[in-house]
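Trainee: Structure: query_35.txt, compact mmCIF, C-alpha atoms.
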# COMPACT_ATOMS: atom_id res chain seq x y z
CA MET A 1 -9.57 -73.15 139.28
CA VAL A 2 -10.97 -76.06 137.34
CA ASP A 3 -14.50 -75.06 138.33
CA SER A 4 -14.12 -71.48 137.14
CA GLN A 5 -12.72 -72.67 133.83
CA GLN A 6 -15.71 -74.94 133.36
CA ASN A 7 -18.06 -72.08 134.20
CA VAL A 8 -16.48 -69.90 131.54
CA LYS A 9 -16.84 -72.69 129.02
CA LYS A 10 -20.49 -73.19 129.91
CA ASP A 11 -21.29 -69.49 129.48
CA ARG A 12 -19.99 -69.38 125.95
CA PRO A 13 -22.68 -69.75 123.31
CA VAL A 14 -22.27 -72.80 121.10
CA TYR A 15 -23.25 -72.39 117.47
CA ARG A 16 -23.88 -75.43 115.34
CA ASN A 17 -25.53 -75.17 111.93
CA ILE A 18 -25.80 -71.44 112.36
CA GLY A 19 -28.91 -69.75 111.06
CA LEU A 20 -29.72 -66.23 109.98
CA ALA A 21 -30.80 -65.12 113.47
CA GLN A 22 -27.37 -65.99 114.86
CA LEU A 23 -25.51 -64.58 111.84
CA ILE A 24 -27.02 -61.15 112.47
CA LYS A 25 -25.67 -61.18 116.02
CA TYR A 26 -22.14 -61.88 114.78
CA ARG A 27 -19.77 -58.96 115.22
CA LEU A 28 -17.28 -59.22 112.38
CA PRO A 29 -13.95 -57.37 112.35
CA TRP A 30 -13.59 -54.74 109.60
CA ALA A 31 -11.72 -57.15 107.34
CA GLY A 32 -14.65 -59.56 107.70
CA LYS A 33 -17.20 -56.85 106.90
CA VAL A 34 -15.25 -55.77 103.82
CA SER A 35 -14.94 -59.40 102.77
CA ILE A 36 -18.65 -60.26 102.99
CA LEU A 37 -19.53 -56.97 101.28
CA HIS A 38 -17.04 -57.89 98.55
CA ARG A 39 -18.97 -61.09 98.01
CA ILE A 40 -22.41 -59.43 98.17
CA SER A 41 -21.40 -56.61 95.79
CA GLY A 42 -19.93 -59.16 93.35
CA ALA A 43 -23.10 -61.24 93.42
CA ALA A 44 -25.26 -58.14 92.87
CA LEU A 45 -23.18 -57.07 89.88
CA PHE A 46 -23.44 -60.61 88.49
CA LEU A 47 -27.23 -60.62 88.82
CA MET A 48 -27.56 -57.19 87.21
CA LEU A 49 -25.27 -57.98 84.24
CA PRO A 50 -28.14 -58.17 81.69
CA PHE A 51 -29.40 -54.76 82.84
CA LEU A 52 -25.92 -53.22 82.61
CA LEU A 53 -25.32 -54.74 79.17
CA TYR A 54 -28.73 -53.45 78.06
CA LEU A 55 -27.76 -49.94 79.17
CA LEU A 56 -24.45 -50.22 77.27
CA ASP A 57 -26.33 -51.47 74.23
CA GLN A 58 -28.75 -48.52 74.32
CA SER A 59 -25.94 -46.03 74.84
CA LEU A 60 -23.98 -47.30 71.81
CA ALA A 61 -26.44 -48.61 69.21
CA SER A 62 -27.53 -45.31 67.63
CA GLU A 63 -28.23 -41.64 68.26
CA LEU A 64 -31.87 -42.53 68.87
CA SER A 65 -31.11 -45.31 71.33
CA TYR A 66 -28.70 -42.95 73.11
CA GLN A 67 -31.63 -40.63 73.77
CA LYS A 68 -33.56 -43.63 75.08
CA PHE A 69 -30.58 -44.46 77.31
CA GLN A 70 -30.66 -40.92 78.70
CA ALA A 71 -34.40 -41.20 79.29
CA ILE A 72 -34.02 -44.53 81.11
CA THR A 73 -31.20 -43.33 83.31
CA GLY A 74 -33.11 -40.12 83.95
CA HIS A 75 -35.70 -41.99 86.01
CA MET A 76 -35.32 -41.56 89.75
CA LEU A 77 -35.77 -45.28 90.46
CA VAL A 78 -33.19 -46.25 87.83
CA LYS A 79 -30.80 -43.67 89.26
CA ILE A 80 -31.12 -45.19 92.71
CA ILE A 81 -30.51 -48.70 91.32
CA CYS A 82 -27.52 -47.36 89.39
CA LEU A 83 -26.15 -45.70 92.51
CA GLY A 84 -26.39 -49.04 94.32
CA LEU A 85 -24.57 -50.77 91.47
CA ILE A 86 -21.94 -48.01 91.40
CA TRP A 87 -21.28 -48.65 95.09
CA CYS A 88 -21.08 -52.39 94.34
CA PHE A 89 -18.53 -51.75 91.60
CA LEU A 90 -16.44 -49.28 93.60
CA HIS A 91 -16.41 -51.38 96.77
CA HIS A 92 -15.59 -54.51 94.78
CA PHE A 93 -12.86 -52.60 92.93
CA CYS A 94 -11.22 -51.11 96.05
CA ALA A 95 -11.51 -54.26 98.16
CA GLY A 96 -10.21 -56.30 95.23
CA ILE A 97 -7.08 -54.18 94.97
CA ARG A 98 -6.60 -54.65 98.72
CA TYR A 99 -6.71 -58.42 98.16
CA LEU A 100 -4.19 -58.18 95.34
CA LEU A 101 -1.84 -56.30 97.68
CA LEU A 102 -2.44 -58.83 100.46
CA ASP A 103 -1.54 -61.58 97.97
CA LEU A 104 1.78 -59.80 97.45
CA GLU A 105 2.14 -59.87 101.26
CA ILE A 106 1.75 -56.12 101.51
CA GLY A 107 -0.08 -55.07 104.68
CA VAL A 108 -0.73 -58.53 106.07
CA GLU A 109 0.06 -57.53 109.66
CA LYS A 110 -3.02 -57.49 111.89
CA VAL A 111 -2.99 -53.74 112.57
CA ASP A 112 -2.24 -52.80 108.94
CA ALA A 113 -4.87 -55.20 107.60
CA ASN A 114 -7.51 -53.77 109.93
CA ARG A 115 -6.57 -50.22 108.95
CA SER A 116 -6.63 -50.97 105.22
CA ALA A 117 -10.03 -52.67 105.61
CA ILE A 118 -11.49 -49.51 107.20
CA PHE A 119 -9.79 -47.37 104.54
CA VAL A 120 -11.17 -49.48 101.67
CA PHE A 121 -14.68 -49.43 103.15
CA CYS A 122 -14.64 -45.63 103.51
CA LEU A 123 -13.03 -45.12 100.09
CA GLY A 124 -15.81 -47.13 98.45
CA LEU A 125 -18.44 -44.94 100.14
CA ALA A 126 -16.58 -41.70 99.41
CA LEU A 127 -16.14 -42.48 95.70
CA THR A 128 -19.80 -43.51 95.52
CA ALA A 129 -20.72 -40.12 96.99
CA VAL A 130 -18.55 -38.36 94.37
CA VAL A 131 -20.17 -40.26 91.48
CA GLY A 132 -23.61 -40.06 93.11
CA LEU A 133 -23.51 -36.26 93.35
CA LYS A 134 -22.66 -36.17 89.64
CA LEU A 135 -25.41 -38.70 88.87
CA PHE A 136 -28.03 -36.60 90.63
CA GLY A 137 -26.74 -33.48 88.89
CA LEU A 138 -25.48 -31.63 91.94
CA TYR A 139 -22.35 -30.42 90.10
CA MET B 1 -2.35 -86.88 80.53
CA PRO B 2 -0.65 -86.86 83.95
CA ILE B 3 -1.91 -89.30 86.55
CA TYR B 4 -2.20 -87.77 90.04
CA GLN B 5 -1.76 -91.06 91.82
CA ILE B 6 0.21 -91.17 95.06
CA GLY B 7 0.84 -94.71 96.27
CA PRO B 8 -1.41 -97.61 95.35
CA LYS B 9 -4.67 -96.17 96.74
CA ARG B 10 -4.61 -92.42 97.06
CA LEU B 11 -5.80 -90.57 93.97
CA VAL B 12 -5.05 -86.86 94.24
CA VAL B 13 -7.58 -84.74 92.46
CA GLY B 14 -8.80 -81.21 92.70
CA ALA B 15 -5.84 -79.29 94.07
CA HIS B 16 -4.55 -78.13 90.70
CA TYR B 17 -7.95 -76.73 89.70
CA GLY B 18 -7.95 -74.47 92.73
CA LEU B 19 -4.60 -72.85 92.00
CA LYS B 20 -5.42 -72.36 88.31
CA GLU B 21 -8.72 -70.63 89.08
CA TRP B 22 -7.12 -68.58 91.84
CA ILE B 23 -4.52 -67.22 89.42
CA ILE B 24 -7.11 -66.60 86.67
CA GLN B 25 -9.32 -64.68 89.10
CA ARG B 26 -6.43 -62.33 89.85
CA ALA B 27 -5.23 -62.02 86.24
CA THR B 28 -8.75 -61.16 85.03
CA ALA B 29 -9.07 -58.63 87.87
CA ILE B 30 -5.95 -56.84 86.65
CA VAL B 31 -7.29 -56.73 83.06
CA MET B 32 -10.48 -55.09 84.36
CA VAL B 33 -8.50 -52.57 86.44
CA VAL B 34 -6.54 -51.60 83.29
CA PHE B 35 -9.78 -51.26 81.31
CA THR B 36 -11.31 -49.10 84.04
CA ILE B 37 -8.27 -46.82 83.97
CA VAL B 38 -8.51 -46.53 80.15
CA LEU B 39 -12.17 -45.50 80.42
CA LEU B 40 -11.38 -43.05 83.20
CA VAL B 41 -8.51 -41.47 81.23
CA ASP B 42 -10.76 -41.14 78.17
CA TYR B 43 -13.42 -39.46 80.31
CA CYS B 44 -10.84 -37.06 81.75
CA ILE B 45 -9.56 -36.15 78.26
CA THR B 46 -12.87 -35.79 76.41
CA GLY B 47 -14.81 -34.57 79.44
CA SER B 48 -18.26 -34.26 77.94
CA ALA B 49 -20.65 -37.16 77.50
CA THR B 50 -22.06 -37.08 73.97
CA TYR B 51 -23.14 -39.87 71.67
CA GLU B 52 -20.50 -38.94 69.08
CA GLY B 53 -17.62 -39.13 71.53
CA TRP B 54 -18.90 -42.26 73.27
CA SER B 55 -19.56 -44.23 70.05
CA ALA B 56 -16.32 -43.01 68.44
CA LEU B 57 -14.41 -44.48 71.37
CA PHE B 58 -15.88 -47.94 70.77
CA SER B 59 -15.77 -47.79 66.97
CA ASN B 60 -11.96 -47.89 67.30
CA GLN B 61 -10.80 -51.42 66.55
CA PHE B 62 -8.20 -51.42 69.35
CA MET B 63 -10.79 -50.27 71.90
CA LYS B 64 -13.23 -52.94 70.66
CA LEU B 65 -10.69 -55.67 71.28
CA LEU B 66 -9.67 -54.24 74.66
CA THR B 67 -13.33 -54.02 75.68
CA LEU B 68 -13.92 -57.59 74.56
CA LEU B 69 -10.91 -58.75 76.59
CA ALA B 70 -12.25 -56.88 79.61
CA PHE B 71 -15.67 -58.49 79.12
CA ILE B 72 -14.26 -62.00 78.75
CA SER B 73 -12.21 -61.35 81.88
CA LEU B 74 -15.34 -60.13 83.65
CA PHE B 75 -17.33 -63.24 82.74
CA TYR B 76 -14.55 -65.66 83.69
CA HIS B 77 -13.95 -63.72 86.94
CA ALA B 78 -17.69 -63.84 87.70
CA TRP B 79 -17.76 -67.58 86.99
CA ILE B 80 -15.04 -68.24 89.58
CA GLY B 81 -16.65 -65.95 92.17
CA ILE B 82 -20.17 -67.32 91.75
CA ARG B 83 -18.85 -70.89 91.66
CA ASP B 84 -17.21 -70.19 95.03
CA ILE B 85 -20.51 -68.89 96.41
CA TRP B 86 -22.38 -72.04 95.30
CA MET B 87 -19.61 -74.24 96.71
CA ASP B 88 -19.73 -72.41 100.05
CA TYR B 89 -23.48 -72.28 100.62
CA ILE B 90 -25.16 -74.96 98.51
CA LYS B 91 -24.34 -78.40 99.83
CA PRO B 92 -26.66 -80.81 97.93
CA VAL B 93 -24.69 -81.81 94.82
CA SER B 94 -27.71 -81.91 92.52
CA ILE B 95 -28.80 -78.34 93.31
CA ARG B 96 -25.22 -77.05 93.25
CA LEU B 97 -24.45 -78.57 89.86
CA THR B 98 -27.70 -77.25 88.43
CA LEU B 99 -26.89 -73.74 89.66
CA GLN B 100 -23.34 -74.00 88.29
CA VAL B 101 -24.58 -75.08 84.86
CA LEU B 102 -27.14 -72.24 84.85
CA THR B 103 -24.39 -69.79 85.83
CA VAL B 104 -22.23 -70.89 82.89
CA LEU B 105 -25.15 -70.63 80.45
CA TYR B 106 -26.06 -67.18 81.81
CA LEU B 107 -22.49 -65.93 81.42
CA VAL B 108 -22.08 -67.36 77.91
CA ALA B 109 -25.32 -65.63 76.90
CA CYS B 110 -24.00 -62.38 78.40
CA ALA B 111 -20.77 -62.81 76.43
CA ALA B 112 -22.70 -63.28 73.16
CA TYR B 113 -24.73 -60.16 73.92
CA ALA B 114 -21.53 -58.22 74.66
CA VAL B 115 -20.02 -59.22 71.28
CA GLN B 116 -23.23 -58.19 69.54
CA ILE B 117 -23.21 -54.79 71.27
CA LEU B 118 -19.57 -54.09 70.46
CA TRP B 119 -19.68 -55.08 66.77
CA LYS B 120 -22.84 -53.08 66.08
CA VAL B 121 -21.03 -49.81 66.70
Please express the file's structure as C-alpha cells.

Mentor:
Amino acid sequence: MVDSQQNVKKDRPVYRNIGLAQLIKYRLPWAGKVSILHRISGAALFLMLPFLLYLLDQSLASELSYQKFQAITGHMLVKIICLGLIWCFLHHFCAGIRYLLLDLEIGVEKVDANRSAIFVFCLGLALTAVVGLKLFGLY
Amino acid sequence: MPIYQIGPKRLVVGAHYGLKEWIIQRATAIVMVVFTIVLLVDYCITGSATYEGWSALFSNQFMKLLTLLAFISLFYHAWIGIRDIWMDYIKPVSIRLTLQVLTVLYLVACAAYAVQILWKV
C-alpha cells in the first residue's frame, strides 16, 4: 500500500520554475483558457491603442481624412489586423461580463462555470464571424 | 491620514489598494459596456456609415462627454490590467517599476490624444 502510493508520487511530473516548453503541455480547463485569453486580448488591445486612436482620429477629423480612413481600412492586411482586434474586443467584452456575473455569485458552481466559459469562448468567435463577414463585405 | 498599524511591530500596508483597484476595474468596465451599447444603438438607428452621420454623433456635446468618460475608464481599466500583468510576470523590482512608469506615461499620452480627437470634431 505504502509502496504503491510512493510509486504514484514518483510518476507525477514535478514542475518548478516552469518554462514555456512545460506551459504548452498544460491542459487548462475551459475557464482557464478563457481567462488567459482574456489577459492576452486585453494586452493586445492595450498595445494597439495608438493605432485604434489613429483610426478614430482619421474617421472623425474631416471629410478628407474620412476617405483616408476608408482607404487604410480597405487594405487586406489592415483588415486582418482589425479582425484580430475585433476578436480581442469581443472576447474581452464577453469574458468580462462573465466575470462581473461571477462577482455577483451568479454561476459559480463548477458545472455552470465550465459551461459559461465554453459559451463565452464560442460567443466571442461567433460575434467575430458576424462582424468579420461584414468587414470583408460578404453581406 | 490613518495609520495601518496593528500592534507594536506589524505595519499593515497594501490591502486597501487592492480592493480599491478591484472595484475601479469593475466600475470602469460597466461604463465601457454602457458606451458600447450606446454606439450599437446608434448604429442600429442610423444604419449607414457616412462621414456626416459619424461626425454628427460626436459633435454632440453629451456624446463627447460620454465618450471621454468611456476613454478615461478605458485607460484606468487598462492601467489596472497591465499593472497586474507586470506584477504577475516581472519579478525584479527595477524592471517592473520601469515598465509600470512607462505604462502610465503611455496611457496619459493616449488620453491626451483622445481629448484632441474628440474636441476637433

Trainee: For B:Ser73, work out the shell of residues within 7 Å, counting all atoms listed in the file and skipping chain neighbours fewer than 3 positions away, then give it as a ChimeraX atom specification.

Mentor: /B:28,31-32,69-70,76-77

Trainee: What would the file look like if the residues just selected were written as a PDB file, in the frame of the given file with C-alpha atoms?

Mentor:
ATOM      1  CA  THR B  28      -8.750 -61.160  85.030  1.00  0.00           C
ATOM      2  CA  VAL B  31      -7.290 -56.730  83.060  1.00  0.00           C
ATOM      3  CA  MET B  32     -10.480 -55.090  84.360  1.00  0.00           C
ATOM      4  CA  LEU B  69     -10.910 -58.750  76.590  1.00  0.00           C
ATOM      5  CA  ALA B  70     -12.250 -56.880  79.610  1.00  0.00           C
ATOM      6  CA  TYR B  76     -14.550 -65.660  83.690  1.00  0.00           C
ATOM      7  CA  HIS B  77     -13.950 -63.720  86.940  1.00  0.00           C
TER       8      HIS B  77
END

Trainee: Taking 6 positions as the minimum chain separation for residues in the same chain, which residues sit within 9 Å of stretch 101-112 of chain B when counting all atoms listed in the file? Answer as a list in words.

Mentor: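 Contacts, with the query itself left out: Phe46, Leu49, Pro50 and Leu53 of chain A; Leu68, Phe71, Ile72, Phe75, Tyr76, Ala78, Trp79, Ile82 and Arg83 of chain B.
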
Trainee: Return the neighbours of chain B among the residues of chain A, cut-off 8 Å, counting all atoms listed in the file, as a list of chain:residue names.

Mentor: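 Every residue meeting the condition is included here: A:Arg39, A:Gly42, A:Ala43, A:Phe46, A:Leu49, A:Pro50, A:Leu53, A:Leu56, A:Asp57, A:Ser59, A:Leu60, A:Ala61, A:Ser62, A:Glu63, A:Tyr66, A:Phe93, A:Gly96, A:Leu100.
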
Trainee: If you measure from atom CA of A:Lys25 to atom CA of A:Pro13, what distance in Å do you get, rounded to one decimal?

Mentor: 11.6 Å

Trainee: Compute the distance from (-17.3, -43.1, 97.3) to each atom, counting only C-alpha atoms, keep the residues with any atom at most 12 Å away, and return them as JSON, numbers by chain; use the coordinates of the file.

Mentor: {"A": [83, 84, 86, 87, 88, 89, 90, 91, 92, 93, 94, 119, 120, 121, 122, 123, 124, 125, 126, 127, 128, 129, 130, 131, 132, 133, 134]}
